[in-house]
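As provided, upload-v3.cif (mmCIF, C-alpha atoms and all ligand atoms) reads as follows.
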```cif
data_structure
loop_
_atom_site.label_atom_id
_atom_site.label_comp_id
_atom_site.auth_asym_id
_atom_site.auth_seq_id
_atom_site.Cartn_x
_atom_site.Cartn_y
_atom_site.Cartn_z
CA MET A 1 -27.74 95.89 15.17
CA SER A 2 -28.39 92.75 13.10
CA VAL A 3 -25.07 93.27 11.23
CA ILE A 4 -23.17 93.26 14.52
CA PHE A 5 -24.98 90.09 15.60
CA LEU A 6 -23.99 88.24 12.42
CA PHE A 7 -20.38 89.38 12.79
CA MET A 8 -20.23 88.01 16.33
CA ALA A 9 -21.89 84.74 15.25
CA SER A 10 -19.21 84.34 12.60
CA ILE A 11 -16.46 84.69 15.20
CA VAL A 12 -18.10 82.04 17.38
CA PHE A 13 -18.53 79.67 14.40
CA TYR A 14 -14.92 79.95 13.25
CA GLY A 15 -13.74 79.70 16.84
CA CYS A 16 -15.45 76.31 17.22
CA LYS A 17 -14.06 75.08 13.90
CA ASP A 18 -10.52 75.93 14.98
CA ASP A 19 -10.98 73.94 18.18
CA ASP A 20 -12.22 70.91 16.18
CA ASN A 21 -9.26 71.15 13.82
CA ASN A 22 -6.54 70.93 16.41
CA GLY A 23 -4.31 67.92 15.90
CA PRO A 24 -3.06 66.20 12.76
CA ALA A 25 -5.03 65.96 9.50
CA THR A 26 -6.44 62.52 8.72
CA VAL A 27 -5.54 60.86 5.40
CA SER A 28 -8.16 58.63 3.73
CA LEU A 29 -9.21 57.26 0.35
CA SER A 30 -12.51 58.54 -1.03
CA SER A 31 -13.49 55.11 -2.44
CA SER A 32 -12.87 51.47 -1.51
CA GLY A 33 -12.77 50.33 -5.14
CA GLY A 34 -14.79 49.44 -8.21
CA THR A 35 -14.95 47.49 -11.46
CA VAL A 36 -13.76 48.55 -14.92
CA THR A 37 -13.00 46.87 -18.25
CA GLU A 38 -9.59 46.79 -19.92
CA SER A 39 -10.60 49.63 -22.24
CA GLN A 40 -11.24 52.01 -19.30
CA GLY A 41 -8.09 54.05 -19.85
CA THR A 42 -7.05 56.10 -16.81
CA VAL A 43 -8.41 55.35 -13.34
CA TYR A 44 -8.26 58.08 -10.67
CA VAL A 45 -8.14 57.27 -6.94
CA THR A 46 -8.68 60.32 -4.73
CA VAL A 47 -6.77 60.77 -1.50
CA ASN A 48 -8.29 63.25 0.96
CA LEU A 49 -6.90 65.16 3.90
CA SER A 50 -9.45 66.06 6.59
CA LYS A 51 -8.00 69.60 6.37
CA SER A 52 -5.19 71.28 4.49
CA VAL A 53 -1.84 71.53 6.23
CA SER A 54 0.94 74.11 5.94
CA THR A 55 3.55 71.74 4.50
CA ASN A 56 3.63 69.34 1.55
CA THR A 57 2.32 65.90 2.58
CA GLU A 58 3.97 62.78 1.16
CA ILE A 59 1.74 59.71 1.10
CA TYR A 60 3.28 56.29 0.49
CA TYR A 61 1.32 53.37 -0.92
CA GLU A 62 1.89 49.72 -1.86
CA LEU A 63 0.45 47.71 -4.75
CA GLY A 64 -0.67 44.08 -4.80
CA GLY A 65 -3.32 41.85 -6.30
CA THR A 66 -3.41 39.48 -9.26
CA ALA A 67 -3.05 42.23 -11.89
CA SER A 68 0.53 42.70 -13.08
CA LEU A 69 2.30 46.04 -12.93
CA ASP A 70 3.28 47.05 -16.51
CA GLY A 71 1.42 44.00 -17.87
CA ASP A 72 -2.19 44.79 -16.91
CA TYR A 73 -1.72 48.39 -15.72
CA ARG A 74 0.79 51.20 -15.41
CA VAL A 75 1.21 53.63 -12.54
CA LYS A 76 1.22 57.29 -13.59
CA THR A 77 1.78 58.63 -10.06
CA PRO A 78 4.42 56.49 -8.31
CA SER A 79 4.57 56.26 -4.51
CA PRO A 80 4.87 58.57 -2.69
CA ILE A 81 2.38 61.05 -4.04
CA SER A 82 2.55 64.59 -2.69
CA ILE A 83 -0.31 66.82 -1.61
CA ALA A 84 0.82 70.43 -1.82
CA ALA A 85 0.74 72.71 1.23
CA GLY A 86 -2.68 74.35 1.49
CA SER A 87 -4.42 71.62 -0.55
CA ALA A 88 -6.52 68.79 0.90
CA THR A 89 -6.76 66.46 -2.12
CA GLY A 90 -4.35 64.25 -4.05
CA THR A 91 -4.78 61.71 -6.84
CA ILE A 92 -3.24 58.31 -7.57
CA GLN A 93 -3.57 57.50 -11.28
CA PHE A 94 -3.45 54.12 -13.04
CA GLU A 95 -3.56 53.45 -16.75
CA ILE A 96 -5.31 50.18 -17.58
CA ILE A 97 -3.50 48.41 -20.44
CA ASP A 98 -5.90 47.24 -23.13
CA GLU A 99 -3.80 44.19 -24.06
CA SER A 100 -4.87 41.34 -26.35
CA ILE A 101 -4.43 38.54 -23.81
CA ILE A 102 -7.46 36.27 -23.36
CA GLU A 103 -7.85 35.87 -19.60
CA SER A 104 -9.95 33.26 -17.82
CA THR A 105 -10.34 35.34 -14.65
CA ASP A 106 -10.66 39.04 -13.86
CA GLU A 107 -7.56 40.75 -12.53
CA LYS A 108 -7.44 42.81 -9.33
CA ILE A 109 -5.33 45.84 -8.47
CA GLU A 110 -4.98 46.31 -4.71
CA LEU A 111 -3.72 49.60 -3.33
CA THR A 112 -2.89 50.16 0.35
CA LEU A 113 -1.85 53.47 1.88
CA LYS A 114 1.15 52.80 4.11
CA SER A 115 2.38 55.98 5.74
CA THR A 116 2.04 59.72 5.61
CA GLY A 117 4.16 62.74 6.40
CA ALA A 118 4.36 64.91 9.49
CA ASN A 119 1.16 66.68 10.65
CA THR A 120 -0.98 63.83 9.25
CA THR A 121 -2.30 60.47 10.42
CA LEU A 122 -3.73 57.55 8.44
CA ASN A 123 -7.40 56.56 8.68
CA SER A 124 -6.76 52.80 8.65
CA SER A 125 -10.42 51.98 7.89
CA LYS A 126 -10.23 53.98 4.64
CA SER A 127 -6.74 53.09 3.45
CA THR A 128 -7.36 50.24 0.96
CA TYR A 129 -8.73 50.23 -2.59
CA GLU A 130 -9.48 47.24 -4.83
CA LEU A 131 -10.12 47.64 -8.55
CA VAL A 132 -11.45 44.69 -10.57
CA VAL A 133 -10.34 44.79 -14.22
CA GLN A 134 -12.56 42.74 -16.53
CA ASP A 135 -11.09 41.14 -19.65
CA ASN A 136 -12.53 42.25 -23.01
CA ASP A 137 -10.81 39.72 -25.30
CA VAL A 138 -12.59 36.70 -26.75
CA SER A 139 -11.49 33.65 -28.69
CA ASP A 140 -12.27 33.70 -32.42
CA GLY A 141 -11.37 31.33 -35.27
CA ASP A 142 -7.62 31.94 -34.85
CA LEU A 143 -5.14 30.22 -32.58
CA HIS A 144 -4.34 32.76 -29.84
CA ILE A 145 -1.02 32.24 -28.06
CA ASP A 146 -0.64 34.42 -24.97
CA LEU A 147 2.54 34.74 -22.92
CA THR A 148 2.27 36.26 -19.44
CA TRP A 149 4.64 36.15 -16.48
CA ASN A 150 5.04 37.41 -12.97
CA LEU A 151 7.78 38.19 -10.49
CA GLY A 152 5.49 38.33 -7.42
CA GLU A 153 2.52 40.45 -6.34
CA GLY A 154 2.93 44.13 -7.07
CA LYS A 155 6.28 43.55 -8.80
CA ASP A 156 7.06 45.18 -12.15
CA ILE A 157 7.00 42.53 -14.89
CA ASP A 158 9.27 44.76 -17.02
CA ASP A 159 12.17 43.85 -14.71
CA VAL A 160 12.62 41.01 -17.22
CA ASN A 161 11.85 40.94 -20.95
CA LEU A 162 10.35 37.78 -22.44
CA ASP A 163 9.44 37.50 -26.11
CA LEU A 164 7.28 35.07 -28.07
CA TYR A 165 7.91 33.40 -31.44
CA LEU A 166 6.52 30.76 -33.72
CA ALA A 167 9.22 28.67 -35.37
CA THR A 168 9.33 26.02 -38.11
CA ASN A 169 12.07 23.70 -39.42
CA VAL A 170 13.10 22.96 -35.84
CA THR A 171 15.97 20.50 -35.41
CA ILE A 172 16.35 18.88 -32.00
CA SER A 173 19.36 16.95 -30.76
CA ASP A 174 19.70 15.71 -27.15
CA ASN A 175 16.69 17.81 -26.09
CA THR A 176 18.40 20.92 -27.39
CA VAL A 177 17.26 22.90 -30.41
CA THR A 178 20.16 23.22 -32.82
CA ASP A 179 18.39 24.95 -35.71
CA ALA A 180 15.08 26.70 -36.40
CA THR A 181 13.43 29.16 -38.75
CA LEU A 182 11.43 31.98 -37.17
CA TYR A 183 7.98 32.26 -38.70
CA LYS A 184 6.61 35.23 -36.73
CA SER A 185 7.34 37.11 -33.53
CA SER A 186 5.90 39.30 -30.77
CA LYS A 187 8.74 41.34 -29.28
CA ASN A 188 7.32 44.10 -27.10
CA SER A 189 9.95 45.83 -25.00
CA THR A 190 7.33 46.40 -22.27
CA GLY A 191 4.34 44.30 -21.23
CA PHE A 192 3.13 40.85 -22.24
CA GLU A 193 3.27 39.10 -25.62
CA THR A 194 0.58 37.59 -27.84
CA LEU A 195 0.61 35.92 -31.26
CA LYS A 196 -2.10 34.64 -33.57
CA LEU A 197 -2.03 31.87 -36.15
CA GLN A 198 -4.86 31.81 -38.69
CA GLY A 199 -6.33 28.87 -40.57
CA SER A 200 -5.26 30.45 -43.85
CA GLU A 201 -1.59 30.42 -42.88
CA PRO A 202 0.71 27.64 -44.19
CA ASP A 203 0.20 24.11 -42.93
CA ASP A 204 3.40 23.13 -41.15
CA GLU A 205 4.91 21.88 -37.90
CA TYR A 206 5.08 24.88 -35.62
CA TYR A 207 6.91 25.30 -32.32
CA ILE A 208 6.01 28.00 -29.80
CA VAL A 209 9.17 29.72 -28.60
CA VAL A 210 9.46 31.63 -25.31
CA ALA A 211 12.70 33.62 -25.21
CA TYR A 212 14.22 35.04 -22.04
CA THR A 213 15.55 38.06 -23.93
CA SER A 214 16.93 40.01 -20.97
CA GLY A 215 16.83 40.11 -17.18
CA ASN A 216 18.57 38.56 -14.19
CA LYS A 217 15.73 37.10 -12.09
CA ASP A 218 13.97 33.75 -11.78
CA VAL A 219 10.68 34.18 -13.65
CA SER A 220 7.49 32.07 -13.79
CA PHE A 221 5.54 32.29 -17.03
CA THR A 222 2.32 30.97 -18.54
CA LEU A 223 1.61 30.05 -22.15
CA ASN A 224 -2.14 30.07 -22.75
CA LEU A 225 -3.78 28.73 -25.90
CA ASN A 226 -7.26 29.52 -27.25
CA GLY A 227 -8.87 28.56 -30.55
CA PHE A 228 -8.15 25.63 -32.90
CA GLY A 229 -9.76 23.34 -30.32
CA TYR A 230 -8.06 24.89 -27.29
CA THR A 231 -9.90 26.71 -24.48
CA ASN A 232 -7.70 28.45 -21.93
CA GLU A 233 -5.18 25.64 -22.08
CA ALA A 234 -2.35 26.88 -19.87
CA THR A 235 1.22 25.64 -19.64
CA ASN A 236 3.11 26.92 -16.61
CA ASP A 237 6.88 26.97 -16.71
CA SER A 238 9.80 29.06 -15.52
CA PHE A 239 13.27 30.30 -16.32
CA LYS A 240 16.04 30.51 -13.75
CA SER A 241 18.02 33.74 -13.65
CA SER A 242 20.94 31.82 -15.17
CA GLU A 243 18.78 31.06 -18.24
CA SER A 244 18.63 34.69 -19.37
CA GLY A 245 19.47 34.66 -23.08
CA TYR A 246 18.04 31.17 -23.61
CA ALA A 247 14.77 30.17 -25.23
CA ALA A 248 12.32 27.32 -24.62
CA PHE A 249 10.61 25.59 -27.55
CA TYR A 250 7.19 23.87 -27.15
CA GLY A 251 5.78 21.56 -29.78
CA PRO A 252 5.38 20.45 -32.38
CA LEU A 253 1.90 21.70 -33.26
CA LYS A 254 1.01 20.07 -36.54
CA LYS A 255 -1.30 22.48 -38.36
CA SER A 256 -3.68 21.22 -41.02
CA GLY A 257 -6.17 23.84 -42.15
CA SER A 258 -7.87 25.09 -38.99
CA THR A 259 -6.92 22.11 -36.84
CA LEU A 260 -3.81 21.40 -34.82
CA GLY A 261 -2.50 17.99 -33.88
CA ARG A 262 -2.65 18.18 -30.12
CA MET A 263 0.34 17.44 -28.00
CA LYS A 264 -0.20 17.05 -24.27
CA PRO A 265 1.70 17.85 -22.22
CA PHE A 266 3.87 20.27 -24.11
CA ILE A 267 7.47 19.13 -24.26
CA ARG A 268 10.08 21.78 -23.65
CA TYR A 269 13.33 21.92 -25.56
CA LYS A 270 16.00 24.45 -24.70
CA SER A 271 17.98 26.37 -27.24
CA SER A 272 21.47 27.73 -26.86
CA PRO A 273 21.97 31.51 -26.49
CA ASP A 274 23.76 31.35 -29.86
CA LEU A 275 20.61 30.04 -31.53
CA HIS A 276 18.49 32.66 -29.82
CA THR A 277 20.75 35.39 -31.12
CA HIS A 278 20.75 33.74 -34.54
CA THR A 279 16.96 33.42 -34.74
CA GLU A 280 16.29 37.00 -33.62
CA CA A 301 -7.14 40.96 -22.14
CA CA A 302 8.94 41.38 -24.55
#
```
Could you write out this file's structure as structure tokens?
Amino acid sequence: MSVIFLFMASIVFYGCKDDDNNGPATVSLSSSGGTVTESQGTVYVTVNLSKSVSTNTEIYYELGGTASLDGDYRVKTPSPISIAAGSATGTIQFEIIDESIIESTDEKIELTLKSTGANTTLNSSKSTYELVVQDNDVSDGDLHIDLTWNLGEGKDIDDVNLDLYLATNVTISDNTVTDATLYKSSKNSTGFETLKLQGSEPDDEYYIVVAYTSGNKDVSFTLNLNGFGYTNEATNDSFKSSESGYAAFYGPLKKSGSTLGRMKPFIRYKSSPDLHTHTE
């Protein structure tokens, strides 16, 4: 008798659940955000369906915030992500880049769910996620030269490639560099660039060189200096799309031991594409 009762109760229970589950599944994020440091590695953002559905669900999202795509973080699961038929959970994955840039402010990654597939609807009150990425780089006795750039919020900085050099023996004629010797370089093919100059390195007149190595977009960039008497001293400048292949020289910085003759503001000198090719 009691077995029959339980069996009937089960039918009633499942019957109610089916009634509640009529209509589309709701898509939501399980968290509204958090805070990590640059050394965090991979960050997982969980996307939930209120119930599984019988078809694959594509979920589109957009990225924004002050953090730069492919400079501060990479996306391991590009939009749209897909939740397989029968499953109710998906994951958006970021890889935080543990770069060497000294940053004066924390960076933010903003993620917003935009649209979902058939049989689903978006829970708009649980569709945004903000991750704060805290810098873990500090100034030491060296001169740190950091080159960062952006092409707009959420845009991939690898759509252009900028590189960073220190040069000596720079000859300038009519505001154009006609000759130079490259002392050292930072030439990543992806992400930002950073160089260090130590007190033990040769005393000389150095120029900081920002090269627009490849790309076809207008790009705003920032040179930031720390150490040798500098504290987050930023120079903002830009290249036009037509300046791809050119380089900009800033200086001179007259090094003597662990001090640099300061030059404010930095003066920019352009180089010809020929010189850029020559100095690479
Ligand atoms: Ca950093
Ligand atoms: Ca580069």
Quick one: of A:Tyr212, A:Tyr73, A:Phe221, A:Tyr183, who's nearest to ligand CA 301 (chain A), counting all atoms listed in the file? A:Tyr73
Please compute the atom CA of A:Ser104-atom CA of A:Glu130 distance, one decimal, in Å. 19.1 Å
Nearby polymer residues, ligand CA 301 (chain A), at most 6 Å, all atoms listed in the file, as an MDAnalysis selection string: chainID A and resid 99:103 135:137
Could the residues that lie within 9 Å of ligand CA 302 (chain A), counting only C-alpha atoms and all ligand atoms, be listed as an mmCIF file with C-alpha atoms, in the frame of the given file?
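Output below, filename pocket_18.cif:
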```
data_model
loop_
_atom_site.group_PDB
_atom_site.id
_atom_site.type_symbol
_atom_site.label_atom_id
_atom_site.label_comp_id
_atom_site.auth_asym_id
_atom_site.auth_seq_id
_atom_site.Cartn_x
_atom_site.Cartn_y
_atom_site.Cartn_z
ATOM 1 C CA ASP A 158 9.270 44.760 -17.020
ATOM 2 C CA VAL A 160 12.620 41.010 -17.220
ATOM 3 C CA ASN A 161 11.850 40.940 -20.950
ATOM 4 C CA LEU A 162 10.350 37.780 -22.440
ATOM 5 C CA ASP A 163 9.440 37.500 -26.110
ATOM 6 C CA LEU A 164 7.280 35.070 -28.070
ATOM 7 C CA SER A 186 5.900 39.300 -30.770
ATOM 8 C CA LYS A 187 8.740 41.340 -29.280
ATOM 9 C CA ASN A 188 7.320 44.100 -27.100
ATOM 10 C CA SER A 189 9.950 45.830 -25.000
ATOM 11 C CA THR A 190 7.330 46.400 -22.270
ATOM 12 C CA GLY A 191 4.340 44.300 -21.230
ATOM 13 C CA PHE A 192 3.130 40.850 -22.240
ATOM 14 C CA GLU A 193 3.270 39.100 -25.620
ATOM 15 C CA ALA A 211 12.700 33.620 -25.210
ATOM 16 C CA TYR A 212 14.220 35.040 -22.040
ATOM 17 C CA THR A 213 15.550 38.060 -23.930
ATOM 18 C CA SER A 214 16.930 40.010 -20.970
#
```
Expressed in Å to a single decimal, how great is the separation between atom CA of A:Ile96 and atom CA of A:Ile208?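 Pair atom CA of A:Ile96 / atom CA of A:Ile208 returns 27.7 Å.
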Exercise: A:Leu49 partners within 12 Å, all atoms listed in the file, chain neighbours under 5 positions left out, as a PDB file with C-alpha atoms, in the frame of the given file:
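Output (around.pdb):
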```pdb
ATOM      1  CA  ASN A  21      -9.260  71.150  13.820  1.00  0.00           C
ATOM      2  CA  PRO A  24      -3.060  66.200  12.760  1.00  0.00           C
ATOM      3  CA  ALA A  25      -5.030  65.960   9.500  1.00  0.00           C
ATOM      4  CA  THR A  26      -6.440  62.520   8.720  1.00  0.00           C
ATOM      5  CA  VAL A  27      -5.540  60.860   5.400  1.00  0.00           C
ATOM      6  CA  SER A  28      -8.160  58.630   3.730  1.00  0.00           C
ATOM      7  CA  LEU A  29      -9.210  57.260   0.350  1.00  0.00           C
ATOM      8  CA  SER A  30     -12.510  58.540  -1.030  1.00  0.00           C
ATOM      9  CA  ASN A  56       3.630  69.340   1.550  1.00  0.00           C
ATOM     10  CA  THR A  57       2.320  65.900   2.580  1.00  0.00           C
ATOM     11  CA  GLU A  58       3.970  62.780   1.160  1.00  0.00           C
ATOM     12  CA  ILE A  59       1.740  59.710   1.100  1.00  0.00           C
ATOM     13  CA  SER A  82       2.550  64.590  -2.690  1.00  0.00           C
ATOM     14  CA  ILE A  83      -0.310  66.820  -1.610  1.00  0.00           C
ATOM     15  CA  ALA A  84       0.820  70.430  -1.820  1.00  0.00           C
ATOM     16  CA  ALA A  85       0.740  72.710   1.230  1.00  0.00           C
ATOM     17  CA  GLY A  86      -2.680  74.350   1.490  1.00  0.00           C
ATOM     18  CA  SER A  87      -4.420  71.620  -0.550  1.00  0.00           C
ATOM     19  CA  ALA A  88      -6.520  68.790   0.900  1.00  0.00           C
ATOM     20  CA  THR A  89      -6.760  66.460  -2.120  1.00  0.00           C
ATOM     21  CA  GLY A  90      -4.350  64.250  -4.050  1.00  0.00           C
ATOM     22  CA  THR A  91      -4.780  61.710  -6.840  1.00  0.00           C
ATOM     23  CA  THR A 116       2.040  59.720   5.610  1.00  0.00           C
ATOM     24  CA  GLY A 117       4.160  62.740   6.400  1.00  0.00           C
ATOM     25  CA  ASN A 119       1.160  66.680  10.650  1.00  0.00           C
ATOM     26  CA  THR A 120      -0.980  63.830   9.250  1.00  0.00           C
ATOM     27  CA  THR A 121      -2.300  60.470  10.420  1.00  0.00           C
ATOM     28  CA  LEU A 122      -3.730  57.550   8.440  1.00  0.00           C
ATOM     29  CA  ASN A 123      -7.400  56.560   8.680  1.00  0.00           C
ATOM     30  CA  LYS A 126     -10.230  53.980   4.640  1.00  0.00           C
TER      31      LYS A 126
END
```
Spatial neighbours of stretch 245-262 of chain A, max dist 9 Å, all atoms listed in the file, sep filter under 4 positions, as number ranges by chain: A: 141-143, 167-168, 170, 177, 198-215, 228-229, 239, 266-277
Which value, in Å to one decimal, gives the distance between atom CA of A:Ile145 and atom CA of A:Glu95?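 Straight-line distance from atom CA of A:Ile145 to atom CA of A:Glu95 works out to 24.2 Å.
Distances here use all atoms listed in the file; by that measure, the residue among A:Gln93, A:Asn150, A:Thr105, A:Thr171 closest to A:Leu69 is A:Asn150.
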Option closest in space to A:Leu131, from A:Thr66, A:Thr178, A:Ile172, A:Lys108 [counting only C-alpha atoms]: A:Lys108
Pick out the residues sitting within 12 Å of A:Val43, and hand them over as a VMD selection string; count all atoms listed in the file, and ignore anything fewer than 5 positions along from it in its own chain. chain A and resid 33 to 38 73 to 77 91 to 97 109 129 to 133
Among the residues A:Lys196, A:Lys155, A:Lys240, A:Lys51, the one that comes closest to A:Gly23 [using only C-alpha atoms]: A:Lys51
Which residue gives the smallest distance to A:Asn232 among A:Tyr60, A:Gly41, A:Asp146, A:Ile157, with only C-alpha atoms counted? A:Asp146
Set the distance at 12 Å and use all atoms listed in the file: which residues neighbour A:Gly152 once local chain neighbours fewer than 6 positions away are removed? I'd like the list as a list in words. Leu63, Gly64, Gly65, Thr66, Ala67, Ser68, Leu69, Asp159, Lys217, Asp218, Val219, Ser220 and Phe221 of chain A
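The nearest approach to A:Gly71 among the residues A:Asn236, A:Asn175, A:Asn224, A:Thr148, with all atoms listed in the file taken into account, belongs to A:Thr148.
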